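Here is the structure we will look at.
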Amino acid sequence: MTHTIAVLPGDGIGHEIVEQAQRVLSALGLDLTMEQAPVGGTAFDLHGHPLPEATLALAKRSSAILFGAVGDWKYDSLPREHRPEQAILGLRKNLGLFANLRPAILYPQLANASSLKPEVVSGLDILIIRELTGDIYFGKPRGVRVVEDGPFKGEQEGYDTMRYAESEVRRIARVGFEAAQKRNKKLCSVDKANVLETSQFWRDIMIDVAKDYPDVELSHMYIDNAAMQLVRAPKEFDVIVTGNIFGDILSDEAAMLTGSIGMLPSASLNASNQGLYEPSHGSAPDIAGKNVANPLATILSAAMLLRYSLNEAAAADRVENAVKAVLEQGLRTADIFEAGTTKVSTSQMGDAVLKALN
Ligand code: IPM
Ligand code: MN
């Protein structure tokens, strides 16, 4: 069966990094059709909307989406519904991509890139699972209104709603437990149950779902402590499962432990394993079009696409091994360059990965 892959490069460095990942996907001898469509600021410029109907329709009928990055300062003054970020939020919501997998792996060849001491991070391999379609990101009501009573009566206030339905917590809990079963069998659920009702509810459900996974050790941590433990002793973690807003913050922190956000892929999956795959980094408009961006996070995202949406684990291994091989050869884009290595461009990095595929 031919798989259709929606290719949505987006803005900034999106095009150049996605192009390298497409070259890699095409070289694997699989039956794939790739169809490209505009998204983000680029789509707003062309069609007046960051997520045009046709782009959403393509995404919906695809097995998987390869996404670059969206955003540029020049769109910062647009009303919220037209900003590039709405494209990614709209894709998550419309496709039900509730499970966001963000691995943070420190490649041994890049041990010096971290701002933490090598002994704290060497061998780091953790997985953050962030719930992606609920929480304060999407909770209603939200908006600006007049305060009805209390000390701020009569003033305007901005408000959002944190909420999770039981089934939303159960399904992300299962993703967490199942991922932990395939790894070191440790799952840490992060919440703020000492303060928030939503978090206490989340925690109670985690404990209930845990009954189905007696082989996994479940622990709980408050978000503030988790943020601290992540820089104190990150290797204590195996899999972290958390809600949308806490996961947004913790995954950026975890990414930086590796010192090389240009290396980290991500997957956002729905109940039928349809997925959106994107690098963890942004659109970096300052270096766009210069052929210097690191394409490896996007290439590794393509590997996740093969593994999770196409069930092509062997092909995914080939891609991941090729990335390790080019690092071993000492090839580095500017973001991970250090003395004694060889600096290469975006397209040269793509060439090297293609050559290293076997
Ligand atoms: C991310 C980003 C998005 C988020 C923004 C761009 C809406 O920060 O994917 O982590 O907050 O989820
Ligand atoms: Mn984020």
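All residue names refer to the structure tokens as shown: chains lettered A, B, ... in order, residues numbered from 1 in each chain, ligands numbered from 1 in order.
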- Excluding region 346-357 of chain A and residues on its chain fewer than 3 positions from it, collect all residues at most 12 Å away from it, counting only C-alpha atoms, and give them as a ChimeraX atom specification. /A:13-29,262,287-300,314-335,342-343
- Message: Give me, as a count of residues only, all polymer residues having an atom no more than 7 Å from region 60-66 of chain A, counting only C-alpha atoms and skipping those fewer than 4 positions away in the same chain.
- Response: 16
Using only C-alpha atoms, what table do you get, as JSON lines, when you list each residue of region 12-127 of chain A with an atom no more than 10 Å from region 247-253 of chain A, its nearest pair of atoms, and their distance in Å rounded to one decimal, rows by chain then rising number?
{"residue": "A:Asn100", "atom": "CA", "partner": "A:Gly247", "partner_atom": "CA", "distance": 9.0}
{"residue": "A:Leu101", "atom": "CA", "partner": "A:Ser251", "partner_atom": "CA", "distance": 9.6}
{"residue": "A:Arg102", "atom": "CA", "partner": "A:Ser251", "partner_atom": "CA", "distance": 6.8}
{"residue": "A:Pro103", "atom": "CA", "partner": "A:Ser251", "partner_atom": "CA", "distance": 8.6}
{"residue": "A:Ala104", "atom": "CA", "partner": "A:Ser251", "partner_atom": "CA", "distance": 8.2}
{"residue": "A:Leu127", "atom": "CA", "partner": "A:Ser251", "partner_atom": "CA", "distance": 9.1}
- Message: Env of region 134-151 of chain A: 7 Å cut, atoms = only C-alpha atoms, seq-sep filter 3 positions within chain, self excluded. Answer as number ranges by chain.
- Response: A: 131, 154-164, 243-245
Please produce a file of those selected residues containing N, CA and C atoms, as a PDB file, in the first residue's frame.
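What landed in result.pdb:
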ATOM      1  N   GLU A 131       0.813  15.484  27.051  1.00  0.00           N
ATOM      2  CA  GLU A 131      -0.548  15.489  26.516  1.00  0.00           C
ATOM      3  C   GLU A 131      -0.680  16.756  25.673  1.00  0.00           C
ATOM      4  N   GLY A 154     -14.702  45.321  38.676  1.00  0.00           N
ATOM      5  CA  GLY A 154     -14.832  46.404  37.706  1.00  0.00           C
ATOM      6  C   GLY A 154     -13.667  46.494  36.726  1.00  0.00           C
ATOM      7  N   GLU A 155     -12.557  45.870  37.073  1.00  0.00           N
ATOM      8  CA  GLU A 155     -11.419  45.860  36.137  1.00  0.00           C
ATOM      9  C   GLU A 155     -11.627  44.790  35.083  1.00  0.00           C
ATOM     10  N   GLN A 156     -10.840  44.835  34.027  1.00  0.00           N
ATOM     11  CA  GLN A 156     -10.803  43.736  33.062  1.00  0.00           C
ATOM     12  C   GLN A 156      -9.873  42.656  33.594  1.00  0.00           C
ATOM     13  N   GLU A 157     -10.149  41.405  33.239  1.00  0.00           N
ATOM     14  CA  GLU A 157      -9.208  40.330  33.558  1.00  0.00           C
ATOM     15  C   GLU A 157      -9.101  39.381  32.375  1.00  0.00           C
ATOM     16  N   GLY A 158      -7.920  38.800  32.242  1.00  0.00           N
ATOM     17  CA  GLY A 158      -7.724  37.738  31.251  1.00  0.00           C
ATOM     18  C   GLY A 158      -7.859  36.416  31.977  1.00  0.00           C
ATOM     19  N   TYR A 159      -8.458  35.404  31.337  1.00  0.00           N
ATOM     20  CA  TYR A 159      -8.612  34.112  32.018  1.00  0.00           C
ATOM     21  C   TYR A 159      -8.585  32.955  31.024  1.00  0.00           C
ATOM     22  N   ASP A 160      -8.124  31.820  31.518  1.00  0.00           N
ATOM     23  CA  ASP A 160      -8.090  30.573  30.764  1.00  0.00           C
ATOM     24  C   ASP A 160      -8.572  29.481  31.704  1.00  0.00           C
ATOM     25  N   THR A 161      -8.846  28.312  31.160  1.00  0.00           N
ATOM     26  CA  THR A 161      -9.379  27.234  31.981  1.00  0.00           C
ATOM     27  C   THR A 161      -8.517  25.985  31.860  1.00  0.00           C
ATOM     28  N   MET A 162      -8.012  25.513  33.013  1.00  0.00           N
ATOM     29  CA  MET A 162      -7.294  24.242  33.005  1.00  0.00           C
ATOM     30  C   MET A 162      -8.313  23.145  33.244  1.00  0.00           C
ATOM     31  N   ARG A 163      -8.370  22.161  32.337  1.00  0.00           N
ATOM     32  CA  ARG A 163      -9.312  21.065  32.553  1.00  0.00           C
ATOM     33  C   ARG A 163      -8.857  19.817  31.816  1.00  0.00           C
ATOM     34  N   TYR A 164      -9.155  18.679  32.405  1.00  0.00           N
ATOM     35  CA  TYR A 164      -8.913  17.395  31.757  1.00  0.00           C
ATOM     36  C   TYR A 164     -10.091  16.477  31.998  1.00  0.00           C
ATOM     37  N   GLY A 243       0.876  16.917  31.608  1.00  0.00           N
ATOM     38  CA  GLY A 243      -0.134  17.635  30.833  1.00  0.00           C
ATOM     39  C   GLY A 243       0.498  18.611  29.842  1.00  0.00           C
ATOM     40  N   ASN A 244      -0.369  19.294  29.117  1.00  0.00           N
ATOM     41  CA  ASN A 244       0.063  20.103  27.986  1.00  0.00           C
ATOM     42  C   ASN A 244       1.002  21.246  28.388  1.00  0.00           C
ATOM     43  N   ILE A 245       0.601  22.050  29.370  1.00  0.00           N
ATOM     44  CA  ILE A 245       1.408  23.235  29.696  1.00  0.00           C
ATOM     45  C   ILE A 245       2.699  22.845  30.424  1.00  0.00           C
TER      46      ILE A 245
END
- Expected answer as a PyMOL selection string: helix (DSSP H, G or I) residues in region 10-211 of chain A: chain A and resi 14-26+41-47+53-60+73-75+80-82+85-95+108-113+118-121+135-137+166-181+197-210
Using only C-alpha atoms and all ligand atoms, tabulate the residues of chain A lying at most 7 Å from any atom of ligand 1, each with its closest atom pair and that distance in Å to one decimal, by chain and increasing residue number, as a Markdown table.
| residue | atom | partner | partner_atom_place_in_ligand_line | distance |
| --- | --- | --- | --- | --- |
| A:Glu85 | CA | ligand 1 | 6 (C) | 4.8 |
| A:Gln86 | CA | ligand 1 | 7 (C) | 6.9 |
| A:Ile88 | CA | ligand 1 | 7 (C) | 6.6 |
| A:Leu89 | CA | ligand 1 | 7 (C) | 6.0 |
| A:Asp248 | CA | ligand 1 | 10 (O) | 5.0 |
- Query: Among region 31-212 of chain A, which residues carry a DSSP assignment of strand (DSSP E or B), reported as a PyMOL selection string?
  - Reply: chain A and resi 32-36+64-69+99-105+125-131+143-146+156-159+186-191
Take the residues just selected and output them with N, CA and C atoms as a compact mmCIF listing (two decimals), in the first residue's frame.
# COMPACT_ATOMS: atom_id res chain seq x y z
N LEU A 32 6.26 5.31 -1.01
CA LEU A 32 5.78 6.55 -0.39
C LEU A 32 5.41 7.58 -1.44
N THR A 33 4.35 8.33 -1.18
CA THR A 33 4.05 9.49 -2.00
C THR A 33 4.11 10.71 -1.09
N MET A 34 4.91 11.69 -1.46
CA MET A 34 5.01 12.89 -0.63
C MET A 34 4.30 14.05 -1.33
N GLU A 35 3.41 14.69 -0.60
CA GLU A 35 2.69 15.84 -1.15
C GLU A 35 2.92 17.04 -0.27
N GLN A 36 3.33 18.14 -0.88
CA GLN A 36 3.69 19.32 -0.11
C GLN A 36 2.56 20.35 -0.06
N ALA A 64 0.88 10.21 7.54
CA ALA A 64 1.75 10.93 8.46
C ALA A 64 2.08 12.30 7.88
N ILE A 65 2.48 13.19 8.77
CA ILE A 65 2.82 14.56 8.36
C ILE A 65 4.26 14.83 8.76
N LEU A 66 5.03 15.26 7.80
CA LEU A 66 6.38 15.72 8.10
C LEU A 66 6.33 17.24 8.14
N PHE A 67 6.60 17.78 9.31
CA PHE A 67 6.40 19.20 9.55
C PHE A 67 7.76 19.85 9.80
N GLY A 68 7.95 21.04 9.25
CA GLY A 68 9.22 21.74 9.49
C GLY A 68 9.12 22.60 10.74
N ALA A 69 8.81 23.86 10.57
CA ALA A 69 8.67 24.77 11.72
C ALA A 69 7.87 25.96 11.23
N ALA A 99 -0.97 12.65 21.84
CA ALA A 99 0.23 12.11 22.51
C ALA A 99 1.51 12.63 21.86
N ASN A 100 2.20 13.46 22.59
CA ASN A 100 3.42 14.08 22.05
C ASN A 100 4.64 13.41 22.70
N LEU A 101 5.45 12.78 21.88
CA LEU A 101 6.65 12.09 22.38
C LEU A 101 7.86 12.95 22.10
N ARG A 102 8.55 13.35 23.14
CA ARG A 102 9.74 14.18 22.97
C ARG A 102 10.94 13.53 23.65
N PRO A 103 11.70 12.77 22.91
CA PRO A 103 12.88 12.15 23.50
C PRO A 103 13.97 13.20 23.73
N ALA A 104 14.73 13.05 24.79
CA ALA A 104 15.93 13.87 24.98
C ALA A 104 17.10 12.90 25.16
N ILE A 105 17.89 12.81 24.12
CA ILE A 105 19.00 11.85 24.10
C ILE A 105 20.28 12.62 23.92
N ASP A 125 19.11 9.52 28.36
CA ASP A 125 18.13 9.01 27.40
C ASP A 125 16.78 8.99 28.11
N ILE A 126 16.06 10.10 28.00
CA ILE A 126 14.75 10.15 28.66
C ILE A 126 13.68 10.46 27.61
N LEU A 127 12.46 10.16 27.95
CA LEU A 127 11.35 10.40 27.03
C LEU A 127 10.28 11.20 27.76
N ILE A 128 9.97 12.37 27.22
CA ILE A 128 8.87 13.14 27.79
C ILE A 128 7.63 12.91 26.95
N ILE A 129 6.56 12.52 27.63
CA ILE A 129 5.28 12.34 26.95
C ILE A 129 4.36 13.44 27.43
N ARG A 130 4.03 14.31 26.50
CA ARG A 130 3.23 15.49 26.81
C ARG A 130 1.84 15.32 26.21
N GLU A 131 0.81 15.48 27.05
CA GLU A 131 -0.55 15.49 26.52
C GLU A 131 -0.68 16.76 25.67
N GLY A 143 -10.71 34.03 27.77
CA GLY A 143 -10.94 35.33 27.15
C GLY A 143 -10.59 36.48 28.08
N VAL A 144 -11.24 37.60 27.83
CA VAL A 144 -11.07 38.80 28.66
C VAL A 144 -12.48 39.24 29.07
N ARG A 145 -12.66 39.56 30.35
CA ARG A 145 -13.99 39.93 30.84
C ARG A 145 -13.85 40.92 32.00
N VAL A 146 -14.98 41.42 32.44
CA VAL A 146 -14.97 42.35 33.58
C VAL A 146 -15.10 41.54 34.87
N GLN A 156 -10.84 44.84 34.03
CA GLN A 156 -10.80 43.74 33.06
C GLN A 156 -9.87 42.66 33.59
N GLU A 157 -10.15 41.40 33.24
CA GLU A 157 -9.21 40.33 33.56
C GLU A 157 -9.10 39.38 32.37
N GLY A 158 -7.92 38.80 32.24
CA GLY A 158 -7.72 37.74 31.25
C GLY A 158 -7.86 36.42 31.98
N TYR A 159 -8.46 35.40 31.34
CA TYR A 159 -8.61 34.11 32.02
C TYR A 159 -8.59 32.95 31.02
N LYS A 186 10.09 2.76 34.24
CA LYS A 186 9.88 3.79 35.25
C LYS A 186 9.07 4.91 34.63
N LEU A 187 7.93 5.23 35.25
CA LEU A 187 7.10 6.31 34.74
C LEU A 187 6.92 7.34 35.85
N CYS A 188 7.28 8.58 35.55
CA CYS A 188 7.08 9.66 36.52
C CYS A 188 6.00 10.59 35.98
N SER A 189 4.91 10.70 36.73
CA SER A 189 3.82 11.59 36.32
C SER A 189 4.04 12.94 37.01
N VAL A 190 4.05 14.00 36.23
CA VAL A 190 4.33 15.34 36.77
C VAL A 190 3.04 16.16 36.81
N ASP A 191 2.78 16.75 37.98
CA ASP A 191 1.56 17.53 38.15
C ASP A 191 1.77 18.64 39.18
- Pick out the closest residue to Gly48 (chain A) from this set: A:Pro84, A:Phe246, A:Val175, A:Gly123. Count only C-alpha atoms. A:Pro84
Long-range neighbours of Thr133 (chain A) as a PDB file with N, CA and C atoms, in the first residue's frame, 7 Å cut-off, only C-alpha atoms, 3 positions minimum in chain:
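Written out: result-v2.pdb:
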ATOM      1  N   ARG A  92      -2.962  19.821  15.580  1.00  0.00           N
ATOM      2  CA  ARG A  92      -3.062  18.943  16.756  1.00  0.00           C
ATOM      3  C   ARG A  92      -4.522  18.677  17.091  1.00  0.00           C
ATOM      4  N   LYS A  93      -5.317  19.744  17.146  1.00  0.00           N
ATOM      5  CA  LYS A  93      -6.715  19.603  17.570  1.00  0.00           C
ATOM      6  C   LYS A  93      -7.539  18.859  16.521  1.00  0.00           C
ATOM      7  N   GLY A  96      -6.594  15.274  16.343  1.00  0.00           N
ATOM      8  CA  GLY A  96      -6.633  14.556  17.626  1.00  0.00           C
ATOM      9  C   GLY A  96      -5.275  14.019  18.051  1.00  0.00           C
ATOM     10  N   LEU A  97      -4.227  14.772  17.776  1.00  0.00           N
ATOM     11  CA  LEU A  97      -2.862  14.310  18.067  1.00  0.00           C
ATOM     12  C   LEU A  97      -2.546  14.536  19.543  1.00  0.00           C
ATOM     13  N   PHE A  98      -3.071  13.665  20.379  1.00  0.00           N
ATOM     14  CA  PHE A  98      -3.025  13.938  21.824  1.00  0.00           C
ATOM     15  C   PHE A  98      -1.729  13.501  22.496  1.00  0.00           C
ATOM     16  N   PHE A 138      -6.409  24.492  25.544  1.00  0.00           N
ATOM     17  CA  PHE A 138      -7.652  24.441  24.778  1.00  0.00           C
ATOM     18  C   PHE A 138      -8.894  24.618  25.658  1.00  0.00           C
TER      19      PHE A 138
END
- Shortest interatomic distance to Phe44 (chain A) - which of A:Glu338, A:Asp72, A:Asp224, A:Asp238, counting only C-alpha atoms: A:Asp72
- Task: Could you check which of A:Ile205, A:Ile240, A:Met228, A:Ile223 is closest to Glu166 (chain A), using only C-alpha atoms?
- Result: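 Looking only at the distances to Glu166 (chain A), the closest residue turns out to be A:Ile205.
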- Query: Leaving out Trp73 (chain A) and any residue of its chain fewer than 2 positions from it, which residues lie within 10 Å of it when counting only C-alpha atoms, given as a ChimeraX atom specification?
  - Reply: /A:41,71,75-77,285-286
- By how many Å are CA of Val120 (chain A) and CA of Ala233 (chain A) apart?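 Separating CA of Val120 (chain A) from CA of Ala233 (chain A) is a distance of 6.4 Å.
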- Pairwise distance for CA of Ser268 (chain A) and CA of Asp45 (chain A), rounded to one decimal in Å: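 It comes out at 26.2 Å.
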- Test item: residues at most 10 Å from Thr42 (chain A), only C-alpha atoms, excluding those fewer than 5 positions along its chain, as number ranges by chain: A: 9-12, 37, 47-51, 70-72, 84
- Query: Hey, which of A:Leu132, A:Val209, A:Leu230, A:Ala180 ends up closest to ligand 2? Count only C-alpha atoms and all ligand atoms.
  - Reply: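 Of the candidates, the smallest distance to ligand 2 is held by A:Leu132.
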- Query: With only C-alpha atoms and all ligand atoms as the atoms that count, which of A:Gln200, A:Ser266, A:Ser115, A:Phe337 lies nearest to ligand 2?
  - Reply: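 That would be A:Ser266, the residue with the smallest distance to ligand 2.
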- Give the answer as one residue: which of A:Leu58, A:Ala254, A:Ile336, A:Val39 has the shortest atom-to-atom distance to ligand 2, using only C-alpha atoms and all ligand atoms? A:Ala254
- Find the distance between CA of Pro234 (chain A) and CA of Tyr107 (chain A) and write it in Å to one decimal. 14.8 Å
